[in-house]
Structures are given as C-alpha cells and as structure tokens.
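Worksheet for the structure shown next.
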Amino acid sequence: MNTKTSIKGQLIVLSFIICHLSFSVALTSCSDFFDQDSEHVIFTDQEHLNNATDSIYSVTGILSKLQVLADRTILLGEVRGDLIDVTDNANSDLRDLAQFNVKDDNRYNRPSDYYAVINNCNYFIAHADTALKNNRNEYIFMKEYAAVKAIRAWTYLQLVLNYGSVPFVTEPILTKQDAELNYPRYDLAAVCEYFINDLAAIPDRYHREYPGYGTIRGTDSRFFWFPITLVLGDLNLWLGSATGSVEAYRQAVLRYYQYLSERNGQNSAYPTDICLYTYTPGSTTWLSTTSWGSLSVRENYSADGELITMIPCDSIQAEGNYSQLRNLFNSTVDNDYKFSLTPSQNMFSISESQAHCCVSNSGTSVLYAPQGLSEHRSGDLRLYYFFSEGYSYDRLNNERIETQSIGKYSTRNVHIYRRQMIYFRMAEALNQIGYPRMAFQILSQGLNSEVIEDEVYPYYSQSDSLWISQLDFPRARYGLFTVEHLVANRFTGTINTMGMHSRGSGWTPMNEFYQFPDSVEQDGVNVAVPLAEQQAYVRDLLLTEDALEFAFEGVRYYDLMRFALREPNPGQFLMEKIIQRRGEDNRDAVRSEIKTDLNNPQNWYLSWKGRIGY
C-alpha cells in the first residue's frame, strides 16, 4: 500500500529526529529531536480531525510510517537470536547486528523512524473529535482512535525493547518550542505501566471493533490493526518479566484469553485448529509424510484464519516501502540467488532432536521416526515444511550456486501477530504464575473444558481452580482432536483443537519423551516433583517450541530476552543461548564474534549517538 501518493498535497509535513539524552538527569531536552532530512509527521491543517476524509488520511498516513519499521521488526528480533546465521552475502549492517556491533550509521539503527509513527499517533489522538456522533448516536471516530492508541503502544514497546531507555512523549511535537521541552526517559517497566493504563481506559467494545476500510490493493484491511487485548497481553507479559509481578502475569493470561474468546465476536471462540505433520507409520523409507491442515499463514481473512496482524508493504521496489525480507531469506532473481540469512546449526539441532511420535494403525502403540533422515526430516517436520535447499548455476560462468527457500517469506507483507503466538504467550504466563500443568496442556493436547477438568483442576487448590475457571474453553466450541480421530482420518467442523507440539512432532499425547513431570522415583519411592522444577521443565519446553513454531518470524531474540529477565543471572542466561547459534562444537567461535559483553543486560540494547539507549 502506497498511501503517500494518494494523500500527497492534502497533508502538511513536519520532520523530526530523536531528542538529545543526558545520562545524568531524568528529564531530557529535545532541541534536536527532529531530523530535517526526513518526513515524519503527517497531519491535516485543522484544529480537529472531524470528518471521515481527514480521519482516513491520518490513519493511512500512520500505516505508511509503520511500513518503514516492518523489515526492521523482523530483523532486530531474529538476527540477534540463536536460530539464524548471517552468510557471506549479507551486508555489513546485518553482520554487525548479529555481532552486537551496531554503530550509529547502521541502517537498522534509526530510532527516529519509531518516533515518526509515535508523533503521528500523538497528533491523531490529540486532534480526533471522539465526541462526534452520527445519526444513530454512535461515536464516529472511536474505532480509529482506539486503533491508533494500540499502534502507538505497540510501537513504543518495540522502541523500548530495542533501546532499553527512551524519551517518552505523548503529545505531538510540532514546533521548535515543543522540541526544546524536557521529556522524561522511560524504561521497559515504565512504558508497559503507562500503556496498560492508557489502553485499559478505552471502552471494551473497541477492543473488538476496528476501522472498516475494506480491501486495499488486494489486502484485507482487517489485518492492519493491533488488537488492544493482544497489546495489553504483551505489555503485561513484559511487565511481569521486568518486575516479577505475578499480577501482571495474571493479567496477561486474562487478556490473551479475552482475545481468544472474542476474536469473532463476544462469546465466540478461536481454537487452535488441526494442523499435524507426521510420518506415515510403517513406511519403508520413513520419508513419506501424512498431513492434515496447513502450516502456512495465509493472507485471506476468515474466522478461523491463523493470521491476525500484518504490516502491508509495497508490491514493487520503486514504491519505496518494499520489504526486502524475501531477498534476505530466499534465493531470488533480485539477489542473484545469494541469500543473506540461513538457519543456524542450533536451529537444525533443536528440530532434529525432537522425538517424532507416530501412531500405529490400531491407535494403541507408537513408533518413533529414525534419526539421520535427509532434507532435515528427522525430528520435527515444521523446519522441513518451511525450509528447502537446492542449487542453481551462474548464467555467466556456469558456477554452481547453493540456493535456499524459507516459505515464511514469500509475500510482500510482514506478519506480526498470529494465533499460535497467543496460545504460546498464554502458556508462558500460566507457567509463570504457577500453573505449569495447564501450560503443558497447551503444548501437549490443547485446551478444552474436558482437559481442564481431568488434567488441571485435580492438581490445584480450590482457590487456584476458581481462578482458572475464568478461562472457559467449552467443548462445544473447542472440540479436541483425539487419537481416534487421527487413526480414522476423521475430521468434522467441531474437531478443531490440538496441542502445539503435535503440529510438527507427531502425536504428542502418546509421546513417552514428552510427559509432564508429576513425580520421580527415588530409592524405589515415587516423590512429587516440586513446583519450581515443574516450571523450569515447562520453561525449557516453551523455549524449544518457540524455536520450532516461530523460527525466522522476528520474535526469537525478544523471547530470549523475556525469559532471561526472569533468571537469577539474566546476562549469563542470554549469553549462553546466543553462543549456541553455531552448535556445541563452535561455541567459542560465536563468543569471539560477539563484540559486546551480553552478561551486562545494558548491552542487550542498541544506542544512537549517545542520545538514546544506555
């Protein structure tokens, strides 16, 4: 979507950059907050945005600013993690990013682009006439107002996750005098606390209702919005991780659940759906797979679709906001078939180490797929599904060129939220508040009322069970996929729920290597496993599932940061994860590549010209 062309001439443009920061004081002068070489603030030349034309122009202007952040959101969240290696074909900025050696001139270190979105949001929020009603007594601009507030909160969260400490501005900066005011710096906890309160004040109906702009250049605009309940879930999850607040984790669970139960209207459902890739039991080569559903994240909107939010990007490079992710992750004509990013050895190891459980035709016994299969088919099959290798020949010298394809980057748009992320983060928060057994069920077999009654309630106190009862997954709307359905190859519209791990690792409920640790045998006696050890076990399962399900999607580094914040030694935890990138045999090589000491959490973040970051 190229909104700049359509709104040019109807907008006044001001420009700005990030304000100068002082490490010695809490307030910051922003006299050089503006970058005079770039366009950043789009607004109409009126005191109020009080008609549909102004509102649409302003909102689409904000969406155009989000396009600039699209690729960066993925790359900053992936290249610094443990699942991606940078090839010799990559530009130096990507290589420096992977080595935590980001300088001020690195193309991925431009904080002003985040403030471009934020300042546009601030302008809209300050000027939209939210009191205006139509002849049906309905507020005209509240959907846009709520959507813009969610975009601002999400953008601030990305900014603080990448810079650690940021100048915090909630009013539009439009003049030199505004820029010279002192603004406080907020850290992660402060940003989360502010926007939790800010978004929670929006009437509940606008957590479900979004602007209706129809289809824009072949893309359904319902994908353009950041659902408030999901942003609130993320803010609470990060707040809990930064502060240790159990209440924040509880609110994260409730917000994620709220989205699942209201995705398609009040008292609706958003079940996991059935998607299982497994080997055909008894196959002589074990290379044959049987599949149900699809692991692809399609861009056609439906009530049971996987995709929730994306940033729409331009379709041709000349339009300016064209996503380069296809050319970084894949071999294409545009990059002479030379990809820049490739799965790390650690990614291969995680995938291939899974015990892939295949059920016999009777449904009473299981077999485990062998190791050493070709094309990365051992273990979990999700990597095999999305990743393929091949070769081509240089048309000039006929030299062989190794090629690759990562199917997650085959479209022009950049995906931000999808359904499995919501279930994953809800499981993560459940584990943190002391319900690892319930979190495990999300991974193992899925949640519905029957599972909760049989596998959760009996193991918790009455007060715990009362709290859990708020999470209602009725059997009528969350039909559990069972082994009987599997062996009979039987699917109906009411069968729609399964465990996340089964999406690629076979039938998990019967996998003897994937069981919840109720007890261990000591001196011939079964001893209950302490809650803390159960939580640690589920934490490790979640980190593994995070790699299997969301590899290359731009969340891994942030997820490692979040898990690290909960550890007694956060820096050591993160450092150990990152140096696994090349595998156990090459840990020292990765350690030498990293140009900063990640044992110091302040070095996890970017900085720019001494004016933002630590």
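Residue names in the structure tokens use chain letters A, B, ... in the order shown, residue numbers from 1 in each chain, and ligand numbers from 1 in the order shown.
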
What lies within 8 Å of Phe329 in chain A using only C-alpha atoms, ignoring chain neighbours under 5 positions off, as a VMD selection string?
-> chain A and resid 339 to 342 404 to 406 409

*asked:* Env of range 238-254 of chain A: 7 Å cut, atoms = only C-alpha atoms, seq-sep filter 4 positions within chain, self excluded. Answer as a VMD selection string.
replied: chain A and resid 189 192 233 to 234 258 426 429 to 430 432 to 433 562 565 to 566

Same residues, N, CA and C atoms, saved as a PDB file, in the first residue's frame:
ATOM      1  N   ALA A 189       9.647  -1.206  32.130  1.00  0.00           N
ATOM      2  CA  ALA A 189       8.542  -1.286  33.085  1.00  0.00           C
ATOM      3  C   ALA A 189       7.665  -0.043  33.021  1.00  0.00           C
ATOM      4  N   CYS A 192       5.492  -0.052  29.865  1.00  0.00           N
ATOM      5  CA  CYS A 192       4.409  -1.028  29.997  1.00  0.00           C
ATOM      6  C   CYS A 192       3.318  -0.517  30.929  1.00  0.00           C
ATOM      7  N   GLY A 233      -1.986  -7.839  26.537  1.00  0.00           N
ATOM      8  CA  GLY A 233      -1.382  -9.093  26.972  1.00  0.00           C
ATOM      9  C   GLY A 233       0.128  -9.016  26.930  1.00  0.00           C
ATOM     10  N   ASP A 234       0.678  -8.493  25.827  1.00  0.00           N
ATOM     11  CA  ASP A 234       2.134  -8.379  25.699  1.00  0.00           C
ATOM     12  C   ASP A 234       2.715  -7.410  26.719  1.00  0.00           C
ATOM     13  N   GLN A 258      -9.051 -13.307  26.676  1.00  0.00           N
ATOM     14  CA  GLN A 258     -10.115 -12.432  26.185  1.00  0.00           C
ATOM     15  C   GLN A 258     -10.091 -12.359  24.663  1.00  0.00           C
ATOM     16  N   MET A 426       0.215 -17.177  26.251  1.00  0.00           N
ATOM     17  CA  MET A 426      -0.662 -17.500  27.368  1.00  0.00           C
ATOM     18  C   MET A 426      -0.078 -18.651  28.184  1.00  0.00           C
ATOM     19  N   ALA A 429       2.777 -17.291  30.323  1.00  0.00           N
ATOM     20  CA  ALA A 429       2.303 -16.563  31.501  1.00  0.00           C
ATOM     21  C   ALA A 429       1.695 -17.519  32.532  1.00  0.00           C
ATOM     22  N   LEU A 430       0.970 -18.540  32.090  1.00  0.00           N
ATOM     23  CA  LEU A 430       0.416 -19.532  33.012  1.00  0.00           C
ATOM     24  C   LEU A 430       1.528 -20.227  33.789  1.00  0.00           C
ATOM     25  N   GLN A 432       4.380 -18.978  34.548  1.00  0.00           N
ATOM     26  CA  GLN A 432       4.985 -18.037  35.486  1.00  0.00           C
ATOM     27  C   GLN A 432       4.143 -17.829  36.740  1.00  0.00           C
ATOM     28  N   ILE A 433       2.832 -17.973  36.653  1.00  0.00           N
ATOM     29  CA  ILE A 433       2.004 -17.754  37.844  1.00  0.00           C
ATOM     30  C   ILE A 433       1.771 -19.045  38.618  1.00  0.00           C
ATOM     31  N   ARG A 562      13.058 -11.944  27.224  1.00  0.00           N
ATOM     32  CA  ARG A 562      11.990 -12.021  28.223  1.00  0.00           C
ATOM     33  C   ARG A 562      12.222 -13.174  29.191  1.00  0.00           C
ATOM     34  N   LEU A 565      15.134 -12.282  31.590  1.00  0.00           N
ATOM     35  CA  LEU A 565      14.839 -11.334  32.656  1.00  0.00           C
ATOM     36  C   LEU A 565      14.366 -12.019  33.929  1.00  0.00           C
ATOM     37  N   ARG A 566      13.857 -13.235  33.819  1.00  0.00           N
ATOM     38  CA  ARG A 566      13.316 -13.948  34.986  1.00  0.00           C
ATOM     39  C   ARG A 566      14.366 -14.778  35.702  1.00  0.00           C
TER      40      ARG A 566
END

Which residues come within 8 Å of Cys358 in chain A, counting only C-alpha atoms, excluding same-chain residues fewer than 6 positions away, as a list in words? Thr278, Tyr279, Thr280, Pro281, Val366, Leu367, Tyr368, Ala369, Gly506 and Trp507 of chain A

For the contact check between range 338-442 of chain A and range 451-457 of chain A, emit one row per residue of range 338-442 of chain A within 10 Å, containing the shortest atom pair and the distance in Å rounded to one decimal, counting only C-alpha atoms, chain then rising number order, as CSV.
residue,atom,partner,partner_atom,distance
A:Tyr435,CA,A:Val456,CA,8.5
A:Pro436,CA,A:Val456,CA,9.5
A:Arg437,CA,A:Val456,CA,6.4
A:Met438,CA,A:Val456,CA,5.9
A:Ala439,CA,A:Val456,CA,9.6
A:Phe440,CA,A:Val456,CA,9.9
A:Gln441,CA,A:Val451,CA,7.8
A:Ile442,CA,A:Val451,CA,9.9

Could you save those same residues with all heavy atoms as an mmCIF file, in the first residue's frame?
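Dumped to result-v6.cif:
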data_model
loop_
_atom_site.group_PDB
_atom_site.id
_atom_site.type_symbol
_atom_site.label_atom_id
_atom_site.label_comp_id
_atom_site.auth_asym_id
_atom_site.auth_seq_id
_atom_site.Cartn_x
_atom_site.Cartn_y
_atom_site.Cartn_z
ATOM 1 N N TYR A 435 1.090 -22.326 37.189
ATOM 2 C CA TYR A 435 0.222 -23.333 36.580
ATOM 3 C C TYR A 435 0.929 -24.023 35.415
ATOM 4 O O TYR A 435 0.446 -24.014 34.279
ATOM 5 C CB TYR A 435 -1.088 -22.710 36.106
ATOM 6 C CG TYR A 435 -1.855 -21.989 37.196
ATOM 7 C CD1 TYR A 435 -2.481 -20.771 36.942
ATOM 8 C CD2 TYR A 435 -1.944 -22.501 38.495
ATOM 9 C CE1 TYR A 435 -3.189 -20.100 37.932
ATOM 10 C CE2 TYR A 435 -2.636 -21.845 39.497
ATOM 11 C CZ TYR A 435 -3.252 -20.639 39.209
ATOM 12 O OH TYR A 435 -3.942 -19.976 40.197
ATOM 13 N N PRO A 436 2.090 -24.629 35.670
ATOM 14 C CA PRO A 436 2.824 -25.265 34.570
ATOM 15 C C PRO A 436 2.057 -26.418 33.937
ATOM 16 O O PRO A 436 2.221 -26.695 32.752
ATOM 17 C CB PRO A 436 4.111 -25.751 35.242
ATOM 18 C CG PRO A 436 3.760 -25.904 36.685
ATOM 19 C CD PRO A 436 2.795 -24.800 36.960
ATOM 20 N N ARG A 437 1.219 -27.072 34.730
ATOM 21 C CA ARG A 437 0.450 -28.202 34.188
ATOM 22 C C ARG A 437 -0.523 -27.743 33.104
ATOM 23 O O ARG A 437 -0.695 -28.399 32.076
ATOM 24 C CB ARG A 437 -0.306 -28.894 35.317
ATOM 25 C CG ARG A 437 -0.991 -30.187 34.921
ATOM 26 C CD ARG A 437 -1.682 -30.773 36.134
ATOM 27 N NE ARG A 437 -0.724 -31.034 37.199
ATOM 28 C CZ ARG A 437 -0.018 -32.149 37.302
ATOM 29 N NH1 ARG A 437 -0.156 -33.096 36.382
ATOM 30 N NH2 ARG A 437 0.814 -32.329 38.305
ATOM 31 N N MET A 438 -1.146 -26.614 33.319
ATOM 32 C CA MET A 438 -2.071 -26.077 32.317
ATOM 33 C C MET A 438 -1.309 -25.589 31.095
ATOM 34 O O MET A 438 -1.746 -25.771 29.957
ATOM 35 C CB MET A 438 -2.911 -24.962 32.917
ATOM 36 C CG MET A 438 -4.057 -24.508 32.029
ATOM 37 S SD MET A 438 -5.176 -23.400 32.923
ATOM 38 C CE MET A 438 -6.424 -23.112 31.644
ATOM 39 N N ALA A 439 -0.154 -24.954 31.330
ATOM 40 C CA ALA A 439 0.676 -24.527 30.214
ATOM 41 C C ALA A 439 1.099 -25.725 29.380
ATOM 42 O O ALA A 439 1.113 -25.668 28.139
ATOM 43 C CB ALA A 439 1.905 -23.777 30.734
ATOM 44 N N PHE A 440 1.432 -26.817 30.033
ATOM 45 C CA PHE A 440 1.855 -28.029 29.331
ATOM 46 C C PHE A 440 0.742 -28.563 28.433
ATOM 47 O O PHE A 440 1.009 -29.052 27.325
ATOM 48 C CB PHE A 440 2.270 -29.094 30.343
ATOM 49 C CG PHE A 440 2.658 -30.407 29.723
ATOM 50 C CD1 PHE A 440 3.918 -30.585 29.166
ATOM 51 C CD2 PHE A 440 1.760 -31.468 29.673
ATOM 52 C CE1 PHE A 440 4.277 -31.792 28.585
ATOM 53 C CE2 PHE A 440 2.117 -32.679 29.096
ATOM 54 C CZ PHE A 440 3.382 -32.836 28.551
ATOM 55 N N GLN A 441 -0.495 -28.478 28.880
ATOM 56 C CA GLN A 441 -1.601 -28.985 28.076
ATOM 57 C C GLN A 441 -1.739 -28.225 26.758
ATOM 58 O O GLN A 441 -2.135 -28.792 25.744
ATOM 59 C CB GLN A 441 -2.919 -28.921 28.861
ATOM 60 C CG GLN A 441 -2.940 -29.754 30.120
ATOM 61 C CD GLN A 441 -2.549 -31.207 29.883
ATOM 62 O OE1 GLN A 441 -2.931 -31.807 28.872
ATOM 63 N NE2 GLN A 441 -1.790 -31.763 30.816
ATOM 64 N N ILE A 442 -1.417 -26.930 26.766
ATOM 65 C CA ILE A 442 -1.455 -26.160 25.519
ATOM 66 C C ILE A 442 -0.467 -26.738 24.517
ATOM 67 O O ILE A 442 -0.744 -26.807 23.316
ATOM 68 C CB ILE A 442 -1.158 -24.673 25.805
ATOM 69 C CG1 ILE A 442 -2.304 -24.063 26.610
ATOM 70 C CG2 ILE A 442 -0.933 -23.898 24.505
ATOM 71 C CD1 ILE A 442 -2.050 -22.638 27.054
#

Give the strand (DSSP E) residues of range 225-434 of chain A, as DSSP finds them on the backbone, and put them as a PDB file with N, CA and C atoms, in the first residue's frame.
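For reference, part.pdb as written:
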ATOM      1  N   LEU A 276      -1.409 -31.094  11.622  1.00  0.00           N
ATOM      2  CA  LEU A 276      -0.470 -32.103  12.105  1.00  0.00           C
ATOM      3  C   LEU A 276       0.300 -32.684  10.934  1.00  0.00           C
ATOM      4  N   TYR A 277       1.625 -32.568  11.013  1.00  0.00           N
ATOM      5  CA  TYR A 277       2.503 -33.174  10.004  1.00  0.00           C
ATOM      6  C   TYR A 277       3.247 -34.316  10.666  1.00  0.00           C
ATOM      7  N   THR A 278       3.068 -35.513  10.128  1.00  0.00           N
ATOM      8  CA  THR A 278       3.690 -36.686  10.737  1.00  0.00           C
ATOM      9  C   THR A 278       4.090 -37.680   9.667  1.00  0.00           C
ATOM     10  N   TYR A 279       4.997 -38.581  10.034  1.00  0.00           N
ATOM     11  CA  TYR A 279       5.402 -39.643   9.113  1.00  0.00           C
ATOM     12  C   TYR A 279       4.306 -40.679   9.000  1.00  0.00           C
ATOM     13  N   THR A 289       5.270 -38.529   4.366  1.00  0.00           N
ATOM     14  CA  THR A 289       4.568 -37.807   5.421  1.00  0.00           C
ATOM     15  C   THR A 289       3.078 -37.778   5.137  1.00  0.00           C
ATOM     16  N   THR A 290       2.321 -37.770   6.203  1.00  0.00           N
ATOM     17  CA  THR A 290       0.879 -37.603   6.126  1.00  0.00           C
ATOM     18  C   THR A 290       0.551 -36.289   6.802  1.00  0.00           C
ATOM     19  N   SER A 291      -0.263 -35.457   6.193  1.00  0.00           N
ATOM     20  CA  SER A 291      -0.528 -34.141   6.766  1.00  0.00           C
ATOM     21  C   SER A 291      -2.018 -33.865   6.825  1.00  0.00           C
ATOM     22  N   TRP A 292      -2.394 -33.100   7.830  1.00  0.00           N
ATOM     23  CA  TRP A 292      -3.739 -32.550   7.923  1.00  0.00           C
ATOM     24  C   TRP A 292      -3.592 -31.050   8.146  1.00  0.00           C
ATOM     25  N   LEU A 307      -3.599 -15.856  10.654  1.00  0.00           N
ATOM     26  CA  LEU A 307      -3.018 -14.518  10.689  1.00  0.00           C
ATOM     27  C   LEU A 307      -3.937 -13.533  11.399  1.00  0.00           C
ATOM     28  N   ILE A 308      -3.342 -12.676  12.227  1.00  0.00           N
ATOM     29  CA  ILE A 308      -4.107 -11.670  12.968  1.00  0.00           C
ATOM     30  C   ILE A 308      -3.718 -10.260  12.530  1.00  0.00           C
ATOM     31  N   THR A 309      -2.426  -9.950  12.532  1.00  0.00           N
ATOM     32  CA  THR A 309      -1.959  -8.597  12.209  1.00  0.00           C
ATOM     33  C   THR A 309      -0.744  -8.659  11.300  1.00  0.00           C
ATOM     34  N   MET A 310      -0.711  -7.781  10.322  1.00  0.00           N
ATOM     35  CA  MET A 310       0.472  -7.650   9.481  1.00  0.00           C
ATOM     36  C   MET A 310       0.677  -6.184   9.126  1.00  0.00           C
ATOM     37  N   ILE A 311       1.876  -5.863   8.725  1.00  0.00           N
ATOM     38  CA  ILE A 311       2.165  -4.548   8.173  1.00  0.00           C
ATOM     39  C   ILE A 311       2.192  -4.697   6.655  1.00  0.00           C
ATOM     40  N   LEU A 341      20.556 -14.685   4.973  1.00  0.00           N
ATOM     41  CA  LEU A 341      20.243 -15.264   6.275  1.00  0.00           C
ATOM     42  C   LEU A 341      19.858 -16.724   6.103  1.00  0.00           C
ATOM     43  N   THR A 342      20.369 -17.566   6.986  1.00  0.00           N
ATOM     44  CA  THR A 342      20.133 -19.001   6.861  1.00  0.00           C
ATOM     45  C   THR A 342      19.960 -19.607   8.248  1.00  0.00           C
ATOM     46  N   PRO A 343      19.248 -20.726   8.365  1.00  0.00           N
ATOM     47  CA  PRO A 343      19.084 -21.338   9.687  1.00  0.00           C
ATOM     48  C   PRO A 343      20.435 -21.675  10.318  1.00  0.00           C
ATOM     49  N   CYS A 357       6.750 -38.824  17.218  1.00  0.00           N
ATOM     50  CA  CYS A 357       5.906 -39.949  17.641  1.00  0.00           C
ATOM     51  C   CYS A 357       4.849 -40.263  16.593  1.00  0.00           C
ATOM     52  N   CYS A 358       4.915 -41.470  16.040  1.00  0.00           N
ATOM     53  CA  CYS A 358       3.954 -41.925  15.037  1.00  0.00           C
ATOM     54  C   CYS A 358       3.051 -42.999  15.656  1.00  0.00           C
ATOM     55  N   VAL A 359       1.767 -42.897  15.412  1.00  0.00           N
ATOM     56  CA  VAL A 359       0.794 -43.816  15.992  1.00  0.00           C
ATOM     57  C   VAL A 359       0.512 -44.952  15.012  1.00  0.00           C
ATOM     58  N   VAL A 366       2.941 -46.898  19.487  1.00  0.00           N
ATOM     59  CA  VAL A 366       3.612 -45.839  18.744  1.00  0.00           C
ATOM     60  C   VAL A 366       4.973 -46.304  18.268  1.00  0.00           C
ATOM     61  N   LEU A 367       5.468 -45.630  17.244  1.00  0.00           N
ATOM     62  CA  LEU A 367       6.822 -45.794  16.729  1.00  0.00           C
ATOM     63  C   LEU A 367       7.456 -44.411  16.663  1.00  0.00           C
ATOM     64  N   TYR A 368       8.771 -44.359  16.757  1.00  0.00           N
ATOM     65  CA  TYR A 368       9.467 -43.088  16.681  1.00  0.00           C
ATOM     66  C   TYR A 368      10.294 -43.050  15.409  1.00  0.00           C
ATOM     67  N   PHE A 387      11.529 -24.903   5.040  1.00  0.00           N
ATOM     68  CA  PHE A 387      12.889 -24.657   4.584  1.00  0.00           C
ATOM     69  C   PHE A 387      13.312 -25.703   3.568  1.00  0.00           C
ATOM     70  N   SER A 388      13.867 -25.251   2.457  1.00  0.00           N
ATOM     71  CA  SER A 388      14.372 -26.181   1.450  1.00  0.00           C
ATOM     72  C   SER A 388      15.659 -25.632   0.855  1.00  0.00           C
ATOM     73  N   GLU A 389      16.517 -26.542   0.428  1.00  0.00           N
ATOM     74  CA  GLU A 389      17.805 -26.193  -0.165  1.00  0.00           C
ATOM     75  C   GLU A 389      17.880 -26.747  -1.585  1.00  0.00           C
ATOM     76  N   GLY A 390      18.647 -26.088  -2.408  1.00  0.00           N
ATOM     77  CA  GLY A 390      18.838 -26.538  -3.780  1.00  0.00           C
ATOM     78  C   GLY A 390      20.071 -25.904  -4.376  1.00  0.00           C
ATOM     79  N   TYR A 391      20.106 -25.804  -5.674  1.00  0.00           N
ATOM     80  CA  TYR A 391      21.240 -25.152  -6.315  1.00  0.00           C
ATOM     81  C   TYR A 391      20.815 -24.634  -7.681  1.00  0.00           C
ATOM     82  N   SER A 392      21.596 -23.683  -8.169  1.00  0.00           N
ATOM     83  CA  SER A 392      21.406 -23.123  -9.496  1.00  0.00           C
ATOM     84  C   SER A 392      22.794 -22.935 -10.095  1.00  0.00           C
ATOM     85  N   TYR A 393      22.843 -22.419 -11.316  1.00  0.00           N
ATOM     86  CA  TYR A 393      24.137 -22.180 -11.965  1.00  0.00           C
ATOM     87  C   TYR A 393      24.213 -20.734 -12.433  1.00  0.00           C
ATOM     88  N   ARG A 400      28.262 -23.377  -9.873  1.00  0.00           N
ATOM     89  CA  ARG A 400      27.108 -23.820  -9.080  1.00  0.00           C
ATOM     90  C   ARG A 400      26.880 -22.842  -7.914  1.00  0.00           C
ATOM     91  N   ILE A 401      25.621 -22.482  -7.687  1.00  0.00           N
ATOM     92  CA  ILE A 401      25.234 -21.589  -6.611  1.00  0.00           C
ATOM     93  C   ILE A 401      24.276 -22.335  -5.691  1.00  0.00           C
ATOM     94  N   GLU A 402      24.605 -22.410  -4.407  1.00  0.00           N
ATOM     95  CA  GLU A 402      23.712 -23.032  -3.438  1.00  0.00           C
ATOM     96  C   GLU A 402      22.541 -22.086  -3.183  1.00  0.00           C
ATOM     97  N   THR A 403      21.342 -22.610  -3.192  1.00  0.00           N
ATOM     98  CA  THR A 403      20.150 -21.792  -3.020  1.00  0.00           C
ATOM     99  C   THR A 403      19.332 -22.301  -1.839  1.00  0.00           C
ATOM    100  N   GLN A 404      18.448 -21.437  -1.361  1.00  0.00           N
ATOM    101  CA  GLN A 404      17.538 -21.856  -0.300  1.00  0.00           C
ATOM    102  C   GLN A 404      16.222 -21.110  -0.428  1.00  0.00           C
ATOM    103  N   SER A 405      15.197 -21.686   0.187  1.00  0.00           N
ATOM    104  CA  SER A 405      13.888 -21.052   0.243  1.00  0.00           C
ATOM    105  C   SER A 405      13.332 -21.226   1.648  1.00  0.00           C
ATOM    106  N   ILE A 406      12.862 -20.129   2.227  1.00  0.00           N
ATOM    107  CA  ILE A 406      12.158 -20.156   3.513  1.00  0.00           C
ATOM    108  C   ILE A 406      10.752 -19.653   3.244  1.00  0.00           C
ATOM    109  N   VAL A 414       4.482  -8.111   5.905  1.00  0.00           N
ATOM    110  CA  VAL A 414       5.242  -8.566   7.060  1.00  0.00           C
ATOM    111  C   VAL A 414       4.264  -8.912   8.183  1.00  0.00           C
ATOM    112  N   HIS A 415       4.282 -10.151   8.610  1.00  0.00           N
ATOM    113  CA  HIS A 415       3.333 -10.644   9.608  1.00  0.00           C
ATOM    114  C   HIS A 415       3.835 -10.329  11.021  1.00  0.00           C
ATOM    115  N   ILE A 416       2.925  -9.897  11.878  1.00  0.00           N
ATOM    116  CA  ILE A 416       3.273  -9.503  13.245  1.00  0.00           C
ATOM    117  C   ILE A 416       2.654 -10.451  14.277  1.00  0.00           C
ATOM    118  N   TYR A 417       1.350 -10.590  14.259  1.00  0.00           N
ATOM    119  CA  TYR A 417       0.650 -11.460  15.203  1.00  0.00           C
ATOM    120  C   TYR A 417      -0.020 -12.611  14.463  1.00  0.00           C
ATOM    121  N   ARG A 418       0.038 -13.802  15.052  1.00  0.00           N
ATOM    122  CA  ARG A 418      -0.782 -14.906  14.573  1.00  0.00           C
ATOM    123  C   ARG A 418      -1.246 -15.749  15.754  1.00  0.00           C
TER     124      ARG A 418
END
